[in-house]
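Next comes coords38.txt, a file with compact mmCIF, C-alpha atoms.
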# COMPACT_ATOMS: atom_id res chain seq x y z
CA MET A 1 -16.30 -9.92 -26.87
CA VAL A 2 -13.08 -11.93 -26.98
CA ASP A 3 -10.99 -8.80 -26.60
CA GLU A 4 -13.01 -7.66 -23.57
CA LEU A 5 -12.67 -11.09 -21.97
CA THR A 6 -8.93 -11.05 -22.60
CA VAL A 7 -8.61 -7.66 -20.91
CA LEU A 8 -10.55 -8.92 -17.88
CA LEU A 9 -8.37 -12.04 -17.60
CA LEU A 10 -5.21 -9.96 -17.90
CA ALA A 11 -6.45 -7.61 -15.18
CA LEU A 12 -7.31 -10.54 -12.91
CA ALA A 13 -3.89 -12.11 -13.48
CA ALA A 14 -2.08 -8.81 -12.85
CA ALA A 15 -3.96 -8.22 -9.60
CA PHE A 16 -3.30 -11.80 -8.49
CA ALA A 17 0.42 -11.46 -9.21
CA GLU A 18 0.57 -8.14 -7.35
CA SER A 19 -1.12 -9.52 -4.22
CA GLY A 20 0.36 -13.03 -4.24
CA LEU A 21 3.16 -13.62 -1.76
CA GLY A 22 6.48 -13.70 -3.56
CA LEU A 23 5.13 -12.11 -6.73
CA GLY A 24 3.96 -8.72 -5.51
CA ALA A 25 7.48 -7.51 -4.78
CA VAL A 26 8.76 -8.17 -8.31
CA VAL A 27 5.69 -7.94 -10.56
CA PRO A 28 4.34 -4.38 -11.05
CA GLY A 29 0.72 -5.51 -11.19
CA GLU A 30 -0.64 -2.06 -10.39
CA THR A 31 1.03 -0.67 -13.52
CA PHE A 32 -0.73 -3.21 -15.74
CA VAL A 33 -4.05 -2.54 -14.03
CA VAL A 34 -3.75 1.23 -14.54
CA VAL A 35 -2.77 0.85 -18.20
CA LEU A 36 -5.60 -1.61 -18.85
CA ALA A 37 -8.09 0.72 -17.17
CA ALA A 38 -6.81 3.66 -19.18
CA THR A 39 -7.36 1.80 -22.45
CA ALA A 40 -10.58 -0.05 -21.56
CA GLY A 41 -12.81 3.01 -21.46
CA GLY A 42 -15.39 4.02 -18.85
CA GLY A 43 -18.90 2.89 -18.00
CA TRP A 44 -19.63 -0.80 -17.55
CA ALA A 45 -16.22 -1.73 -18.95
CA ALA A 46 -14.57 0.00 -15.98
CA VAL A 47 -17.00 -1.67 -13.55
CA ALA A 48 -16.26 -5.13 -14.99
CA LEU A 49 -12.54 -4.39 -14.88
CA GLY A 50 -12.82 -3.32 -11.24
CA ALA A 51 -14.64 -6.56 -10.38
CA ALA A 52 -11.95 -8.64 -12.10
CA VAL A 53 -9.19 -6.78 -10.26
CA THR A 54 -10.99 -7.23 -6.93
CA VAL A 55 -11.31 -10.99 -7.47
CA GLY A 56 -7.68 -11.32 -8.61
CA ALA A 57 -6.33 -9.37 -5.64
CA CYS A 58 -8.44 -11.39 -3.20
CA LEU A 59 -7.20 -14.66 -4.72
CA GLY A 60 -3.63 -13.41 -4.38
CA ASP A 61 -4.29 -12.65 -0.71
CA HIS A 62 -5.35 -16.26 -0.23
CA VAL A 63 -1.92 -17.48 -1.32
CA GLY A 64 -0.26 -15.53 1.49
CA TYR A 65 -2.94 -16.43 4.02
CA GLY A 66 -2.58 -20.15 3.24
CA LEU A 67 1.21 -20.01 3.59
CA GLY A 68 0.90 -18.12 6.86
CA ARG A 69 -1.52 -20.70 8.27
CA ARG A 70 0.77 -23.52 7.17
CA HIS A 71 4.14 -22.17 8.32
CA GLY A 72 3.21 -19.90 11.25
CA ASP A 73 6.30 -18.41 12.90
CA ARG A 74 8.51 -20.39 10.52
CA LEU A 75 7.37 -18.02 7.79
CA ARG A 76 10.23 -15.67 8.74
CA ARG A 77 12.77 -18.25 7.65
CA THR A 78 11.26 -19.03 4.26
CA ARG A 79 13.15 -18.08 1.13
CA VAL A 80 10.34 -15.87 -0.14
CA VAL A 81 10.22 -13.70 3.00
CA GLU A 82 14.00 -13.46 3.18
CA ARG A 83 14.07 -12.22 -0.41
CA VAL A 84 11.29 -9.66 0.16
CA GLY A 85 12.64 -8.55 3.54
CA VAL A 86 11.97 -9.89 7.03
CA HIS A 87 11.53 -6.33 8.34
CA HIS A 88 8.51 -5.93 6.06
CA LEU A 89 6.98 -9.06 7.61
CA ASP A 90 7.69 -7.69 11.08
CA ARG A 91 5.90 -4.48 10.12
CA ALA A 92 2.93 -6.46 8.82
CA MET A 93 2.81 -8.54 12.01
CA ALA A 94 2.95 -5.42 14.17
CA THR A 95 0.06 -3.92 12.21
CA MET A 96 -1.91 -7.15 12.66
CA ARG A 97 -1.39 -7.07 16.43
CA ARG A 98 -2.49 -3.43 16.56
CA HIS A 99 -5.48 -3.49 14.23
CA GLY A 100 -6.48 -7.12 13.75
CA ALA A 101 -8.33 -7.97 10.52
CA ALA A 102 -8.49 -4.27 9.62
CA ALA A 103 -4.75 -4.41 8.91
CA VAL A 104 -5.49 -6.26 5.66
CA VAL A 105 -7.43 -3.18 4.53
CA LEU A 106 -5.18 -0.52 6.07
CA THR A 107 -2.00 -1.81 4.39
CA ARG A 108 -3.56 -2.36 0.98
CA LEU A 109 -1.98 0.77 -0.51
CA VAL A 110 1.40 0.24 1.19
CA PRO A 111 3.89 -1.35 -1.23
CA VAL A 112 5.48 -4.71 -0.24
CA VAL A 113 3.77 -4.72 3.18
CA ARG A 114 0.39 -5.31 1.52
CA THR A 115 1.81 -8.51 0.02
CA LEU A 116 2.93 -9.82 3.41
CA THR A 117 -0.08 -8.79 5.50
CA PRO A 118 -2.27 -11.73 4.39
CA ALA A 119 0.57 -14.09 5.35
CA ALA A 120 0.83 -12.32 8.70
CA ALA A 121 -2.93 -12.74 9.11
CA GLY A 122 -2.63 -16.47 8.53
CA ALA A 123 0.34 -16.80 10.88
CA SER A 124 -1.48 -14.83 13.60
CA GLY A 125 -4.40 -17.26 13.57
CA LEU A 126 -6.97 -14.83 12.16
CA THR A 127 -10.15 -16.77 11.36
CA TYR A 128 -10.96 -17.29 7.71
CA PRO A 129 -14.37 -15.50 7.68
CA ARG A 130 -12.78 -12.35 9.13
CA PHE A 131 -9.87 -12.59 6.72
CA LEU A 132 -12.17 -13.07 3.73
CA ALA A 133 -14.24 -10.01 4.63
CA ALA A 134 -11.10 -7.89 5.12
CA SER A 135 -9.50 -9.18 1.94
CA LEU A 136 -12.56 -8.42 -0.18
CA SER A 137 -12.81 -4.92 1.32
CA GLY A 138 -9.12 -4.21 0.79
CA SER A 139 -9.16 -5.65 -2.72
CA ALA A 140 -12.18 -3.51 -3.62
CA LEU A 141 -10.36 -0.44 -2.28
CA TRP A 142 -7.25 -1.28 -4.30
CA ALA A 143 -9.32 -1.86 -7.44
CA THR A 144 -11.21 1.41 -6.97
CA VAL A 145 -8.00 3.43 -6.62
CA TYR A 146 -6.14 1.94 -9.57
CA VAL A 147 -9.00 1.24 -11.96
CA GLY A 148 -10.59 4.61 -11.16
CA GLY A 149 -7.26 6.37 -11.55
CA GLY A 150 -6.55 4.57 -14.81
CA SER A 151 -9.99 5.40 -16.20
CA LEU A 152 -9.53 9.05 -15.28
CA ALA A 153 -6.09 9.04 -16.90
CA GLY A 154 -7.65 7.51 -20.00
CA VAL A 155 -10.16 10.34 -20.27
CA VAL A 156 -7.42 12.93 -19.86
CA GLY A 157 -5.16 11.03 -22.25
CA GLU A 158 -7.80 11.02 -24.96
CA ALA A 159 -7.99 14.78 -24.69
CA LEU A 160 -4.21 15.11 -24.90
CA SER A 161 -3.58 12.41 -27.49
CA ASP A 162 -3.53 14.90 -30.37
CA VAL A 163 -0.77 16.85 -28.61
CA ALA A 164 1.49 14.29 -26.95
CA GLY A 165 0.52 11.09 -28.69
CA ARG A 166 -1.09 7.99 -27.19
CA ALA A 167 2.20 6.22 -26.35
CA GLY A 168 3.46 9.24 -24.42
CA TRP A 169 0.58 9.47 -21.97
CA LEU A 170 0.56 5.69 -21.43
CA VAL A 171 4.16 5.95 -20.25
CA LEU A 172 3.12 8.86 -18.02
CA VAL A 173 0.32 6.77 -16.53
CA ALA A 174 2.70 3.88 -15.82
CA VAL A 175 5.20 6.17 -14.08
CA ALA A 176 2.46 7.86 -12.03
CA SER A 177 1.11 4.49 -10.87
CA LEU A 178 4.49 3.78 -9.27
CA ALA A 179 5.09 7.24 -7.79
CA VAL A 180 1.67 8.30 -6.48
CA PRO A 181 0.86 5.48 -3.95
CA PRO A 182 4.02 5.97 -1.81
CA LEU A 183 3.38 9.73 -1.85
CA LEU A 184 -0.22 9.20 -0.71
CA VAL A 185 0.90 6.91 2.10
CA ARG A 186 3.39 9.51 3.36
CA VAL A 187 0.87 12.34 3.12
CA LEU A 188 -1.84 10.35 4.90
CA GLY A 189 0.74 9.45 7.53
CA GLY A 190 1.32 13.12 8.24
CA ARG A 191 4.78 13.46 6.70
CA ARG A 192 6.11 14.86 3.48
CA PRO A 193 8.55 12.73 1.45
CA GLY A 194 12.11 13.28 2.55
CA VAL A 195 11.17 15.34 5.60
CA ALA A 196 11.58 13.72 9.00
CA ALA A 197 8.89 14.17 11.63
CA PRO A 198 9.80 16.83 14.21
CA ASP A 199 11.08 15.73 17.58
CA LEU A 200 8.44 17.21 19.90
CA ALA A 201 10.45 16.51 23.03
CA SER A 202 13.45 18.42 21.70
CA LEU A 203 11.27 21.34 20.67
CA GLU A 204 9.73 21.49 24.13
CA ARG A 205 13.14 21.49 25.82
CA ASP A 206 14.30 24.24 23.48
CA VAL A 207 11.30 26.40 24.38
CA VAL A 208 11.94 25.93 28.10
CA VAL A 209 15.61 26.87 27.75
CA ARG A 210 14.75 29.99 25.82
CA ARG A 211 12.17 31.06 28.37
CA ARG A 212 14.66 30.65 31.20
CA ALA A 213 17.30 32.61 29.31
CA ALA A 214 14.84 35.42 28.67
CA THR A 215 13.61 35.70 32.28
CA SER A 216 16.89 35.18 34.18
CA PRO A 217 18.16 38.82 33.75
CA LEU A 218 14.90 40.11 35.17
CA ILE A 219 15.17 37.83 38.16
CA GLY A 220 18.70 39.00 38.74
CA ASP A 221 17.61 42.66 38.79
CA VAL A 222 14.96 41.96 41.36
CA GLN A 223 17.39 40.19 43.67
CA LEU A 224 19.85 43.11 43.51
Can you present the structure in this file as structure tokens?
Amino acid sequence: MVDELTVLLLALAAAFAESGLGLGAVVPGETFVVVLAATAGGGWAAVALGAAVTVGACLGDHVGYGLGRRHGDRLRRTRVVERVGVHHLDRAMATMRRHGAAAVVLTRLVPVVRTLTPAAAGASGLTYPRFLAASLSGSALWATVYVGGGSLAGVVGEALSDVAGRAGWLVLVAVASLAVPPLLVRVLGGRRPGVAAPDLASLERDVVVRRRAATSPLIGDVQL
């Protein structure tokens, strides 16, 4: 029982550190959550772990929201935001203006920005009940993705443990937890990593030029 409680507290602390403003950019909380989920087993243990991660992430959101409410526009000049990157805060603010409270959910799987969105919500004057609902929803989504992924990796790892060894697949899980979320964000955004989105205006102009080049000789023959 003590060991299970320790795992839950570690998961809560890791999720809090990942979501808390100033900590999420330097503490790989998602890696700890995935590894804990992979070693905790499935069933009710995974459900309890998911609940602990949800609560921890929501508490971390409250740190950013409180700082945003307190500092408002001055948040851009704080040492924490300058260290993380002001452009990330600008992106979070732009998402808040576009989507409102839903931005807290929509940015949950976006690295760095998810840490600053609660602060942007506080600075924008978003009411606490709406923030709380969005934070709980986003935290539950985050917990489902990482705890579910870790549990699945644990099942696969158990099957492969005789071949690769337990330590080997734990390292693989940790690496995947860092690489997969940015890839998912790019894929869901309609772009592949490293491939720029096509310039539709340039393509349209190119088509028009080619059509004119193809038809101009015919027009010339008719005029003669």
Adding 5 Å on each side of the box along x, y and z that holds all listed atoms of region 140-146 of chain A, could you give its centre and edge lengths in Å to one decimal, as lines of an AutoDock Vina configuration file?
center_x = -9.2
center_y = 0.0
center_z = -5.9
size_x = 16.0
size_y = 16.9
size_z = 17.3
Next item on the list: Give the answer as one residue: which of A:Leu126, A:Ala101, A:Leu67, A:Ala13 has the shortest atom-to-atom distance to Val53 (chain A), using only C-alpha atoms?
Entry: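 Between A:Leu126, A:Ala101, A:Leu67, A:Ala13, the residue approaching Val53 (chain A) most closely is A:Ala13.
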Next item on the list: Rank nothing, just name the residue among A:Gly20, A:Gly29, A:Gly42, A:Pro118 nearest to Gly148 (chain A), using only C-alpha atoms.
Entry: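 The answer is A:Gly42, which sits nearest to Gly148 (chain A).
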Note to self: Quick one: residues within 10 Å of Ala102 (chain A), only C-alpha atoms, excluding same-chain residues fewer than 6 positions away - as a PyMOL selection string?
What the structure shows: chain A and resi 95-96+130-131+133-135+137-138
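Pairwise distance (CA of Asp73 (chain A), CA of Ser124 (chain A)) equals 8.6 Å.
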Next item on the list: Compare A:Leu59, A:Val7, A:Val80, A:Val86 by their minimum atom-to-atom distance to Thr39 (chain A), counting only C-alpha atoms, and give me the closest one.
Entry: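 That would be A:Val7, the residue with the smallest distance to Thr39 (chain A).
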